[in-house]
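Single-structure report; data block below.
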Amino acid sequence: MEFTYQTKRNTLLLWVITGVPIMGALYFYFPSQPIDLEIFVYLLIFGIITTAIPFQVGDTTIVLSQWVTLTAFLLYGIGAEMIIVQFSLIPIIYQMRNRPDMVTRVLFISWMFVISSFLAAGVVHLLGFEIGNSNLGHLLLYGSLFALIHLFANHLILFLRDRLIGIKEKLFSEHTMWDYSSILITLPFSITLVIMINELGIPAIFLLGVPFFVITFVVKMYNISERVNYSLSKASAFGHELADRLSAQQIVDLFIHRVSQLFPHDAIYIVDHINGKYVILRARIDRQDREVHTDSDSIQNSFISEYFQSEEKGVYGNTKEWMNKAPDFLTYDMNSIMIVPIHRNQRTEGVVLLTARKKNAFEKYQMDIVHLLSTYFAVSLEKAKYISAAVERSETCALTGLYNYRYVDRMLAVEQDRILANPHLQFSLLMMDIDHFKRINDTYGHHAGNIVLKEFAKILESFVPEGAILARYGGEEFVMLIPHMNKSEAAELGEKIRQKIEIKPFLIESDLTETHQEEKIHITVSIGVSNVPEDTDEMIGLLRNADRALYIGAKQAGRNKVAEYVK
């Protein structure tokens, strides 16, 4: 999501006008206890460290820093909690440092936490919370209320922001449920830490803090394993999805979409190698499809061409590692790059390039999974190519190179839907038949007849209007489907074709003479014309009417004529 200048300005004003004064109110006017500076500094450090090691459950990122911030609130009041929360934004600032909208995002997060702290503290104080009361029941009740209200306020603010910018998200989704579940971890640690600090002082922070970080590390490692398994299951399902797609365009679209869903990144490119030139086949930047034009030589002289040659995959963690060999389409605000080859026919035909503004954004297992996906992608593209070729062969006349009756029937069905949706549209059809074609075969042989058919098809192709379809429907019959043309215009086109055929000599070679001599012959054509909606409102009726006009209005009337269908 890109922020406009007005959004950036409004966020800054919101933080200055409401955020800063509320921070002052939280520190100076809300109930508080004298702060033990040494304990507070350790809590501050532990809060920053906890924020720096989030982990994921499915697609939800969990940060457990509330065990520290809640402790500060229960010990010293909301002013101490607010300071630790604001300093805990340091890891977030570091992660976002290369984003052009970093300041706006951080200011909004800072403001959101201030408002949430204000609301949560206000409610629990009104309900009777007393700072310094170390009674277990008191801490459990008000600690739980504070944590729940704080989290609910965060989600409510995010929900209202999304609705304001047009994003429809649920207030209580799977992601928010995981956040609420995290309170079951942070609340016991926080209350235990409060009681132990009151008894032991600073050692209590380390007695609980070290085990907490060990547990967090173990969970994070387990989480990585789960993410690998999750990604592999997604990759397997993705492979089946690709196999179901029959067109190359559908396959490319699905590949881009699914890879974009699997791993956090800011841009994805498919670089192809076509006829000795490097091109950007597809690009999606900040979740938007983009047209990216680049100089082939720029890619040729970059690190990308090295991966085409080596057929290896690789990862870069920051800009310094690749900027000296960068192609012209990569911007230096990106840091991390993942590059994975696409193999077809035992050679690298293309590469997938993922980039992120965050440093060291990609992990090795992600690279391996993208490599697996690219294999599915390449196989599916190859399959689509063969299917496309098979369909083309089945819908093409081998002799003339024109479409055949299968294609005509399919396109009539397609156009039927379009006409039903747009009844005002015009659509005409010419049915053309070479007069006395059997006589040509009988007199000169089938080879001569084939020559006539091929030459006749070439002449017809020169008359095909833009958007029209020409096909050999069978034998010596040809069909022209012409959208956006009325009946009289179609009849005029048919007359031009008839006149051209009438004066055009056809050079043939007879199979039925000993010398196989060449000879010039003349032929004529009869043409039937029908139109939607003038003659019918159904495409199958259009074909039938044109055929009827051809045989009754042209053939039976002496041939070499253009006849319009008459009801």
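Residues are referred to by chain and number: the chain letter is A, B, ... according to the order shown in the structure tokens, the number counts from 1 in that chain, and ligands are numbered separately from 1 in the order shown.
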
Determine which residues of segment 271-497 of chain A DSSP labels as alpha helix (DSSP H) from the backbone of this structure, then write them out as a VMD selection string. chain A and resid 296 to 300 303 to 310 364 to 394 405 to 421 437 to 444 446 to 461 487 to 497

Among segment 297-365 of chain A, which residues does DSSP mark as strand (DSSP E or B) when it is run on the backbone? Keep the chain and numbering as in the structure and answer as a JSON list (two decimals) with N, CA, C and O atoms, in the first residue's frame.
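Saved as states_0.json:
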```
[["chain", "number", "residue", "atom", "x", "y", "z"],
["A", 314, "GLY", "N", 20.24, -18.60, -5.90],
["A", 314, "GLY", "CA", 21.02, -17.85, -4.93],
["A", 314, "GLY", "C", 20.22, -16.80, -4.20],
["A", 314, "GLY", "O", 19.09, -16.46, -4.59],
["A", 315, "VAL", "N", 20.82, -16.27, -3.13],
["A", 315, "VAL", "CA", 20.18, -15.25, -2.30],
["A", 315, "VAL", "C", 21.20, -14.17, -1.98],
["A", 315, "VAL", "O", 22.36, -14.46, -1.69],
["A", 316, "TYR", "N", 20.77, -12.90, -2.06],
["A", 316, "TYR", "CA", 21.57, -11.77, -1.60],
["A", 316, "TYR", "C", 20.86, -11.14, -0.41],
["A", 316, "TYR", "O", 19.64, -10.98, -0.43],
["A", 336, "SER", "N", 17.25, -7.32, -0.22],
["A", 336, "SER", "CA", 17.32, -8.77, -0.40],
["A", 336, "SER", "C", 16.85, -9.18, -1.79],
["A", 336, "SER", "O", 15.89, -8.62, -2.31],
["A", 337, "ILE", "N", 17.52, -10.17, -2.35],
["A", 337, "ILE", "CA", 17.14, -10.73, -3.65],
["A", 337, "ILE", "C", 17.23, -12.25, -3.58],
["A", 337, "ILE", "O", 18.20, -12.80, -3.05],
["A", 338, "MET", "N", 16.20, -12.90, -4.08],
["A", 338, "MET", "CA", 16.22, -14.34, -4.28],
["A", 338, "MET", "C", 16.09, -14.60, -5.78],
["A", 338, "MET", "O", 15.19, -14.06, -6.42],
["A", 339, "ILE", "N", 16.98, -15.39, -6.35],
["A", 339, "ILE", "CA", 16.95, -15.67, -7.77],
["A", 339, "ILE", "C", 16.94, -17.18, -7.97],
["A", 339, "ILE", "O", 17.80, -17.90, -7.43],
["A", 340, "VAL", "N", 15.94, -17.66, -8.70],
["A", 340, "VAL", "CA", 15.72, -19.10, -8.86],
["A", 340, "VAL", "C", 15.51, -19.40, -10.34],
["A", 340, "VAL", "O", 14.72, -18.72, -11.01],
["A", 341, "PRO", "N", 16.21, -20.39, -10.90],
["A", 341, "PRO", "CA", 16.08, -20.68, -12.34],
["A", 341, "PRO", "C", 14.77, -21.40, -12.67],
["A", 341, "PRO", "O", 14.20, -22.11, -11.83],
["A", 342, "ILE", "N", 14.33, -21.22, -13.88],
["A", 342, "ILE", "CA", 13.21, -21.98, -14.44],
["A", 342, "ILE", "C", 13.78, -22.86, -15.54],
["A", 342, "ILE", "O", 14.27, -22.36, -16.55],
["A", 343, "HIS", "N", 13.74, -24.17, -15.32],
["A", 343, "HIS", "CA", 14.33, -25.11, -16.28],
["A", 343, "HIS", "C", 13.28, -25.63, -17.23],
["A", 343, "HIS", "O", 12.21, -26.07, -16.82],
["A", 344, "ARG", "N", 13.58, -25.56, -18.51],
["A", 344, "ARG", "CA", 12.76, -26.20, -19.54],
["A", 344, "ARG", "C", 13.69, -26.87, -20.52],
["A", 344, "ARG", "O", 14.69, -26.29, -20.95],
["A", 347, "ARG", "N", 17.50, -27.01, -19.71],
["A", 347, "ARG", "CA", 18.29, -25.78, -19.74],
["A", 347, "ARG", "C", 17.48, -24.66, -19.09],
["A", 347, "ARG", "O", 16.25, -24.74, -18.99],
["A", 348, "THR", "N", 18.21, -23.62, -18.67],
["A", 348, "THR", "CA", 17.54, -22.49, -18.01],
["A", 348, "THR", "C", 16.97, -21.56, -19.06],
["A", 348, "THR", "O", 17.70, -20.94, -19.83],
["A", 349, "GLU", "N", 15.64, -21.49, -19.09],
["A", 349, "GLU", "CA", 14.95, -20.62, -20.04],
["A", 349, "GLU", "C", 14.55, -19.30, -19.41],
["A", 349, "GLU", "O", 14.26, -18.33, -20.11],
["A", 350, "GLY", "N", 14.49, -19.26, -18.08],
["A", 350, "GLY", "CA", 14.08, -18.04, -17.39],
["A", 350, "GLY", "C", 14.45, -18.12, -15.93],
["A", 350, "GLY", "O", 14.93, -19.16, -15.44],
["A", 351, "VAL", "N", 14.25, -17.03, -15.22],
["A", 351, "VAL", "CA", 14.49, -17.02, -13.77],
["A", 351, "VAL", "C", 13.36, -16.28, -13.08],
["A", 351, "VAL", "O", 12.72, -15.41, -13.66],
["A", 352, "VAL", "N", 13.11, -16.68, -11.82],
["A", 352, "VAL", "CA", 12.19, -15.96, -10.95],
["A", 352, "VAL", "C", 13.03, -15.11, -10.01],
["A", 352, "VAL", "O", 13.99, -15.61, -9.40],
["A", 353, "LEU", "N", 12.68, -13.85, -9.91],
["A", 353, "LEU", "CA", 13.44, -12.91, -9.08],
["A", 353, "LEU", "C", 12.50, -12.31, -8.05],
["A", 353, "LEU", "O", 11.53, -11.64, -8.40],
["A", 354, "LEU", "N", 12.76, -12.55, -6.76],
["A", 354, "LEU", "CA", 12.01, -11.93, -5.68],
["A", 354, "LEU", "C", 12.92, -10.92, -4.99],
["A", 354, "LEU", "O", 14.09, -11.23, -4.71],
["A", 355, "THR", "N", 12.40, -9.73, -4.69],
["A", 355, "THR", "CA", 13.19, -8.71, -4.01],
["A", 355, "THR", "C", 12.42, -8.17, -2.82],
["A", 355, "THR", "O", 11.19, -8.19, -2.80],
["A", 356, "ALA", "N", 13.17, -7.69, -1.82],
["A", 356, "ALA", "CA", 12.56, -7.12, -0.62],
["A", 356, "ALA", "C", 13.42, -5.97, -0.12],
["A", 356, "ALA", "O", 14.65, -5.99, -0.25]]
```

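Atom pair atom CA of Asn404 of chain A / atom CA of Ala468 of chain A has a distance of 14.4 Å (rounded to one decimal).
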
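Each of A:Gln33, A:Gly276, A:Ala52, A:Phe108 was checked against Ile78 of chain A using only C-alpha atoms; the smallest atom-to-atom distance is that of A:Gln33.
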
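Closest to Val252 of chain A among A:Asn154, A:Thr192, A:Ser374, A:Gln499 is A:Ser374, based on only C-alpha atoms.
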
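Across A:Gly553, A:Gly47, A:Gly79, A:Gly541, the tightest approach to Met23 of chain A is made by A:Gly79 when counting only C-alpha atoms.
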
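The spacing separating atom CA of Lys359 of chain A from atom CA of Gly317 of chain A amounts to 5.4 Å.
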
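Distance annotation: of A:Gly467, A:Ile451, A:Gln95, A:Ile459, the residue with the minimal separation from Lys520 of chain A is A:Ile451; atom set is only C-alpha atoms.
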
Applying 7 Å and only C-alpha atoms, which residues near Thr71 of chain A remain after dropping the ones on its own chain fewer than 5 positions away? List them as a VMD selection string. chain A and resid 190 to 191 193 to 194

Writing out the chosen residues with C-alpha atoms as a PDB file, in the first residue's frame:
```pdb
ATOM      1  CA  SER A 190       4.258 -10.758  33.627  1.00  0.00           C
ATOM      2  CA  ILE A 191       2.454 -11.336  36.951  1.00  0.00           C
ATOM      3  CA  LEU A 193       7.807 -11.226  37.234  1.00  0.00           C
ATOM      4  CA  VAL A 194       6.016  -8.487  39.218  1.00  0.00           C
TER       5      VAL A 194
END
```

Identify, on the basis of only C-alpha atoms, every residue whose closest approach to segment 120-137 of chain A does not exceed 9 Å; exclude the query and any residue fewer than 5 positions from it along the same chain; express the result as a PyMOL selection string. chain A and resi 26+30-33+73-78+115+142-143+145-151+153+191+194-195+198

I'd like to know which of A:His446, A:Arg472, A:Arg163, A:Lys504 is closest to Tyr407 of chain A, using only C-alpha atoms. A:Arg472

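You can rank A:Met112, A:Gly474, A:Glu538, A:Lys320 by their closest distance to Thr11 of chain A using only C-alpha atoms, and at the top of that list sits A:Met112.
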
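The shell of residues at most 12 Å from Arg357 of chain A, with only C-alpha atoms counted and near chain neighbours (fewer than 4 positions) removed, consists of Tyr94, Gln95, Met96, Arg97, Asn98, Arg99, Pro100, Asp101, Met102, Pro264, His265, Asp266, Ala267, Ile285, Asp286, Tyr316, Gly317, Asn318, Thr319, Leu330, Thr331, Tyr332, Asp333, Met334, Asn335, Ser336, Ile337, Ala361 and Phe362 of chain A.
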